[in-house]
$ cat structure_11.pdb   # PDB, C-alpha atoms, pLDDT in the B column
ATOM      1  CA  MET A   1    -135.236 134.055  48.787  1.00 74.00           C
ATOM      2  CA  PRO A   2    -136.568 136.559  46.232  1.00 92.00           C
ATOM      3  CA  GLU A   3    -138.002 134.358  43.477  1.00 96.00           C
ATOM      4  CA  ILE A   4    -137.818 135.967  40.045  1.00 97.00           C
ATOM      5  CA  SER A   5    -139.095 133.061  37.940  1.00 98.00           C
ATOM      6  CA  ARG A   6    -140.353 129.484  38.114  1.00 98.00           C
ATOM      7  CA  PHE A   7    -140.743 126.924  35.342  1.00 98.00           C
ATOM      8  CA  PHE A   8    -140.884 123.125  35.069  1.00 98.00           C
ATOM      9  CA  GLY A   9    -140.306 122.822  38.820  1.00 97.00           C
ATOM     10  CA  ILE A  10    -137.172 125.013  38.712  1.00 98.00           C
ATOM     11  CA  VAL A  11    -137.066 128.062  40.986  1.00 98.00           C
ATOM     12  CA  ILE A  12    -134.890 131.004  39.929  1.00 98.00           C
ATOM     13  CA  ALA A  13    -133.860 133.433  42.682  1.00 98.00           C
ATOM     14  CA  MET A  14    -131.550 136.363  43.368  1.00 96.00           C
ATOM     15  CA  TYR A  15    -130.402 137.455  46.798  1.00 92.00           C
ATOM     16  CA  TYR A  16    -130.112 141.111  47.762  1.00 90.00           C
ATOM     17  CA  ASP A  17    -126.811 140.685  49.616  1.00 90.00           C
ATOM     18  CA  ASP A  18    -125.074 138.478  47.044  1.00 91.00           C
ATOM     19  CA  HIS A  19    -121.550 138.985  45.744  1.00 90.00           C
ATOM     20  CA  ALA A  20    -120.141 139.632  42.265  1.00 93.00           C
ATOM     21  CA  PRO A  21    -120.067 138.427  39.529  1.00 95.00           C
ATOM     22  CA  PRO A  22    -123.692 138.992  38.523  1.00 96.00           C
ATOM     23  CA  HIS A  23    -125.484 135.682  38.969  1.00 97.00           C
ATOM     24  CA  PHE A  24    -128.687 133.947  40.011  1.00 98.00           C
ATOM     25  CA  HIS A  25    -129.575 130.759  41.832  1.00 98.00           C
ATOM     26  CA  ALA A  26    -131.458 127.814  40.333  1.00 98.00           C
ATOM     27  CA  ILE A  27    -133.100 125.253  42.621  1.00 98.00           C
ATOM     28  CA  TYR A  28    -134.610 122.028  41.329  1.00 98.00           C
ATOM     29  CA  GLY A  29    -135.730 119.691  44.094  1.00 97.00           C
ATOM     30  CA  SER A  30    -132.613 119.021  46.165  1.00 97.00           C
ATOM     31  CA  GLU A  31    -130.278 120.264  43.403  1.00 98.00           C
ATOM     32  CA  LYS A  32    -128.868 123.792  43.526  1.00 98.00           C
ATOM     33  CA  ALA A  33    -126.564 125.805  41.295  1.00 98.00           C
ATOM     34  CA  GLU A  34    -125.362 129.380  40.886  1.00 98.00           C
ATOM     35  CA  PHE A  35    -125.399 130.659  37.296  1.00 98.00           C
ATOM     36  CA  ARG A  36    -123.331 133.504  35.905  1.00 97.00           C
ATOM     37  CA  ILE A  37    -125.478 135.874  33.829  1.00 97.00           C
ATOM     38  CA  ASP A  38    -122.967 137.004  31.216  1.00 96.00           C
ATOM     39  CA  PRO A  39    -122.221 134.676  29.581  1.00 95.00           C
ATOM     40  CA  PRO A  40    -124.741 132.218  31.028  1.00 95.00           C
ATOM     41  CA  GLY A  41    -123.044 129.293  32.749  1.00 95.00           C
ATOM     42  CA  VAL A  42    -122.668 127.432  36.027  1.00 97.00           C
ATOM     43  CA  LEU A  43    -120.473 129.068  38.681  1.00 97.00           C
ATOM     44  CA  LYS A  44    -120.936 126.336  41.270  1.00 97.00           C
ATOM     45  CA  GLY A  45    -123.305 123.580  42.191  1.00 98.00           C
ATOM     46  CA  ARG A  46    -124.958 120.981  40.017  1.00 97.00           C
ATOM     47  CA  LEU A  47    -128.245 120.363  38.233  1.00 98.00           C
ATOM     48  CA  SER A  48    -129.408 117.348  36.262  1.00 97.00           C
ATOM     49  CA  PRO A  49    -128.585 117.597  32.545  1.00 97.00           C
ATOM     50  CA  ARG A  50    -132.201 118.383  31.635  1.00 97.00           C
ATOM     51  CA  ALA A  51    -132.585 121.107  34.293  1.00 98.00           C
ATOM     52  CA  LEU A  52    -129.180 122.524  33.333  1.00 98.00           C
ATOM     53  CA  ALA A  53    -130.232 122.783  29.680  1.00 97.00           C
ATOM     54  CA  LEU A  54    -133.548 124.440  30.587  1.00 98.00           C
ATOM     55  CA  VAL A  55    -131.948 127.018  32.894  1.00 98.00           C
ATOM     56  CA  THR A  56    -129.206 127.802  30.378  1.00 98.00           C
ATOM     57  CA  GLU A  57    -131.783 128.311  27.611  1.00 97.00           C
ATOM     58  CA  TRP A  58    -133.912 130.515  29.873  1.00 98.00           C
ATOM     59  CA  ALA A  59    -130.891 132.587  30.959  1.00 98.00           C
ATOM     60  CA  SER A  60    -129.845 133.121  27.342  1.00 97.00           C
ATOM     61  CA  LEU A  61    -133.327 134.350  26.427  1.00 97.00           C
ATOM     62  CA  HIS A  62    -133.539 136.714  29.422  1.00 98.00           C
ATOM     63  CA  GLN A  63    -129.940 137.862  29.826  1.00 98.00           C
ATOM     64  CA  ALA A  64    -130.727 141.595  29.576  1.00 97.00           C
ATOM     65  CA  GLU A  65    -133.578 141.289  32.100  1.00 97.00           C
ATOM     66  CA  LEU A  66    -131.337 139.345  34.473  1.00 98.00           C
ATOM     67  CA  LEU A  67    -128.632 142.025  34.328  1.00 96.00           C
ATOM     68  CA  GLU A  68    -131.277 144.679  34.972  1.00 95.00           C
ATOM     69  CA  ALA A  69    -132.577 142.696  37.959  1.00 95.00           C
ATOM     70  CA  TRP A  70    -129.000 142.402  39.282  1.00 95.00           C
ATOM     71  CA  ASP A  71    -128.654 146.198  39.137  1.00 93.00           C
ATOM     72  CA  GLN A  72    -132.013 146.700  40.860  1.00 92.00           C
ATOM     73  CA  ARG A  73    -130.931 144.249  43.551  1.00 88.00           C
ATOM     74  CA  THR A  74    -127.809 146.252  44.360  1.00 82.00           C
ATOM     75  CA  SER A  75    -129.868 149.414  44.816  1.00 85.00           C
ATOM     76  CA  GLY A  76    -132.374 147.612  47.064  1.00 81.00           C
ATOM     77  CA  GLN A  77    -135.286 147.833  44.622  1.00 85.00           C
ATOM     78  CA  LYS A  78    -137.930 145.120  44.446  1.00 90.00           C
ATOM     79  CA  LEU A  79    -136.862 142.445  41.986  1.00 93.00           C
ATOM     80  CA  PRO A  80    -138.986 142.044  38.876  1.00 94.00           C
ATOM     81  CA  LYS A  81    -140.607 138.778  37.844  1.00 97.00           C
ATOM     82  CA  ILE A  82    -139.133 137.380  34.632  1.00 98.00           C
ATOM     83  CA  ASN A  83    -141.275 135.288  32.316  1.00 98.00           C
ATOM     84  CA  PRO A  84    -140.794 131.541  32.649  1.00 98.00           C
ATOM     85  CA  LEU A  85    -139.587 129.234  29.926  1.00 94.00           C
ATOM     86  CA  ARG A  86    -142.546 127.801  28.017  1.00 89.00           C
TER      87      ARG A  86
END
$ encode --input "structure_11.pdb" --output "structure tokens"
Amino acid sequence: MPEISRFFGIVIAMYYDDHAPPHFHAIYGSEKAEFRIDPPGVLKGRLSPRALALVTEWASLHQAELLEAWDQRTSGQKLPKINPLR
């Protein structure tokens, strides 16, 4: 699982062999969700309301970087680390 960010106990990852639309995975304890990048939102899964709000805020702040990481992923390049939410 290529981790691209981590904040407040939430792990953000992208998989090299994932499918469209552009998205990332958020894991918080036993909770998991897939988030669309543009516009940010849940594709499937579930997070607690607080974790959901944090991930949505983070994704909005880093949308361009996430799309760039998605493109790098499809060409097999190493995924960049994206700054955590502070």
$ resolve_selection --input "structure_11.pdb" --expression "the PyMOL selection byres ((chain A and resi 84) around 12)" --output "list in words"
Glu3, Ile4, Ser5, Arg6, Phe7, Phe8, Gly9, Ile10, Val11, Ile12, Leu54, Val55, Glu57, Trp58, Ala59, Leu61, His62, Lys81, Ile82, Asn83, Leu85 and Arg86 of chain A
$ resolve_selection --input "structure_11.pdb" --expression "the PyMOL selection byres ((chain A and resi 26) around 9)" --output "list of chain:residue names"
A:Ile10, A:Val11, A:Ile12, A:Ala13, A:Phe24, A:His25, A:Ile27, A:Tyr28, A:Glu31, A:Lys32, A:Ala33, A:Glu34, A:Phe35, A:Leu47, A:Val55
$ residues_around --input "structure_11.pdb" --residues "stretch 36-39 of chain A" --least-positions-apart "4" --cutoff "8 Å" --atoms "only C-alpha atoms" --output "ChimeraX atom specification"
/A:21-24,43,59,63,66-67
$ closest_residue --input "structure_11.pdb" --among "A:Gly45, A:Ser60, A:Asp17, A:Thr74" --to "A:Ser30" --atoms "all atoms listed in the file"
A:Gly45
$ axis_aligned_box --input "structure_11.pdb" --around "stretch 80-84 of chain A" --padding-each-side "5 Å" --output "lines of an AutoDock Vina configuration file"
center_x = -140.1
center_y = 136.8
center_z = 35.6
size_x = 12.3
size_y = 20.5
size_z = 16.6
$ atom_distance --input "structure_11.pdb" --atom1 "atom CA of A:Lys78" --atom2 "atom CA of A:Met14"
10.9 Å
$ residues_around --input "structure_11.pdb" --residues "A:Gln77" --least-positions-apart "3" --cutoff "12 Å" --atoms "all atoms listed in the file" --output "PyMOL selection string"
chain A and resi 2+15-16+68-74+80
$ atom_distance --input "structure_11.pdb" --atom1 "atom CA of A:Gly76" --atom2 "atom CA of A:Ala51"
29.4 Å
$ atom_distance --input "structure_11.pdb" --atom1 "atom CA of A:Val42" --atom2 "atom CA of A:Ala20"
13.9 Å
$ decode --input "structure_11.pdb" --residues "stretch 22-43 of chain A" --atoms "N, CA and C atoms" --output "CSV table (one decimal), in the first residue's frame"
chain,number,residue,atom,x,y,z
A,22,PRO,N,-10.0,8.8,-10.9
A,22,PRO,CA,-8.9,9.1,-10.0
A,22,PRO,C,-9.4,9.2,-8.6
A,23,HIS,N,-8.8,8.4,-7.7
A,23,HIS,CA,-9.2,8.4,-6.3
A,23,HIS,C,-8.0,7.9,-5.4
A,24,PHE,N,-8.3,8.0,-4.1
A,24,PHE,CA,-7.3,7.5,-3.1
A,24,PHE,C,-8.1,6.8,-2.0
A,25,HIS,N,-7.3,6.1,-1.2
A,25,HIS,CA,-7.9,5.4,-0.1
A,25,HIS,C,-7.6,6.0,1.2
A,26,ALA,N,-8.5,6.1,2.1
A,26,ALA,CA,-8.3,6.6,3.5
A,26,ALA,C,-8.6,5.5,4.5
A,27,ILE,N,-7.7,5.2,5.4
A,27,ILE,CA,-7.9,4.2,6.4
A,27,ILE,C,-7.7,4.8,7.7
A,28,TYR,N,-8.7,4.6,8.6
A,28,TYR,CA,-8.7,5.1,10.0
A,28,TYR,C,-9.1,4.0,10.9
A,29,GLY,N,-8.1,3.4,11.5
A,29,GLY,CA,-8.4,2.2,12.4
A,29,GLY,C,-9.0,1.1,11.5
A,30,SER,N,-10.2,0.7,11.8
A,30,SER,CA,-10.9,-0.4,11.0
A,30,SER,C,-11.8,0.2,9.9
A,31,GLU,N,-11.8,1.5,9.8
A,31,GLU,CA,-12.7,2.2,8.8
A,31,GLU,C,-11.9,2.4,7.6
A,32,LYS,N,-12.5,2.2,6.4
A,32,LYS,CA,-11.9,2.4,5.1
A,32,LYS,C,-12.9,3.1,4.2
A,33,ALA,N,-12.3,4.0,3.3
A,33,ALA,CA,-13.2,4.6,2.3
A,33,ALA,C,-12.3,4.9,1.1
A,34,GLU,N,-12.9,4.9,-0.1
A,34,GLU,CA,-12.3,5.4,-1.3
A,34,GLU,C,-12.8,6.8,-1.6
A,35,PHE,N,-11.9,7.8,-1.9
A,35,PHE,CA,-12.3,9.1,-2.1
A,35,PHE,C,-12.0,9.5,-3.6
A,36,ARG,N,-13.0,10.0,-4.3
A,36,ARG,CA,-12.8,10.7,-5.6
A,36,ARG,C,-11.9,11.9,-5.4
A,37,ILE,N,-11.1,12.2,-6.3
A,37,ILE,CA,-10.2,13.4,-6.2
A,37,ILE,C,-10.9,14.7,-6.7
A,38,ASP,N,-11.6,14.6,-7.8
A,38,ASP,CA,-12.2,15.8,-8.4
A,38,ASP,C,-13.7,15.5,-8.8
A,39,PRO,N,-14.6,16.1,-8.1
A,39,PRO,CA,-14.4,16.8,-6.8
A,39,PRO,C,-14.3,15.9,-5.7
A,40,PRO,N,-13.6,16.3,-4.6
A,40,PRO,CA,-13.4,15.4,-3.4
A,40,PRO,C,-14.7,14.9,-2.9
A,41,GLY,N,-14.8,13.6,-2.7
A,41,GLY,CA,-16.0,13.0,-2.1
A,41,GLY,C,-15.8,11.5,-2.0
A,42,VAL,N,-16.7,10.8,-1.2
A,42,VAL,CA,-16.6,9.4,-1.0
A,42,VAL,C,-17.2,8.7,-2.2
A,43,LEU,N,-16.4,7.7,-2.7
A,43,LEU,CA,-16.9,6.8,-3.7
A,43,LEU,C,-17.6,5.5,-3.1
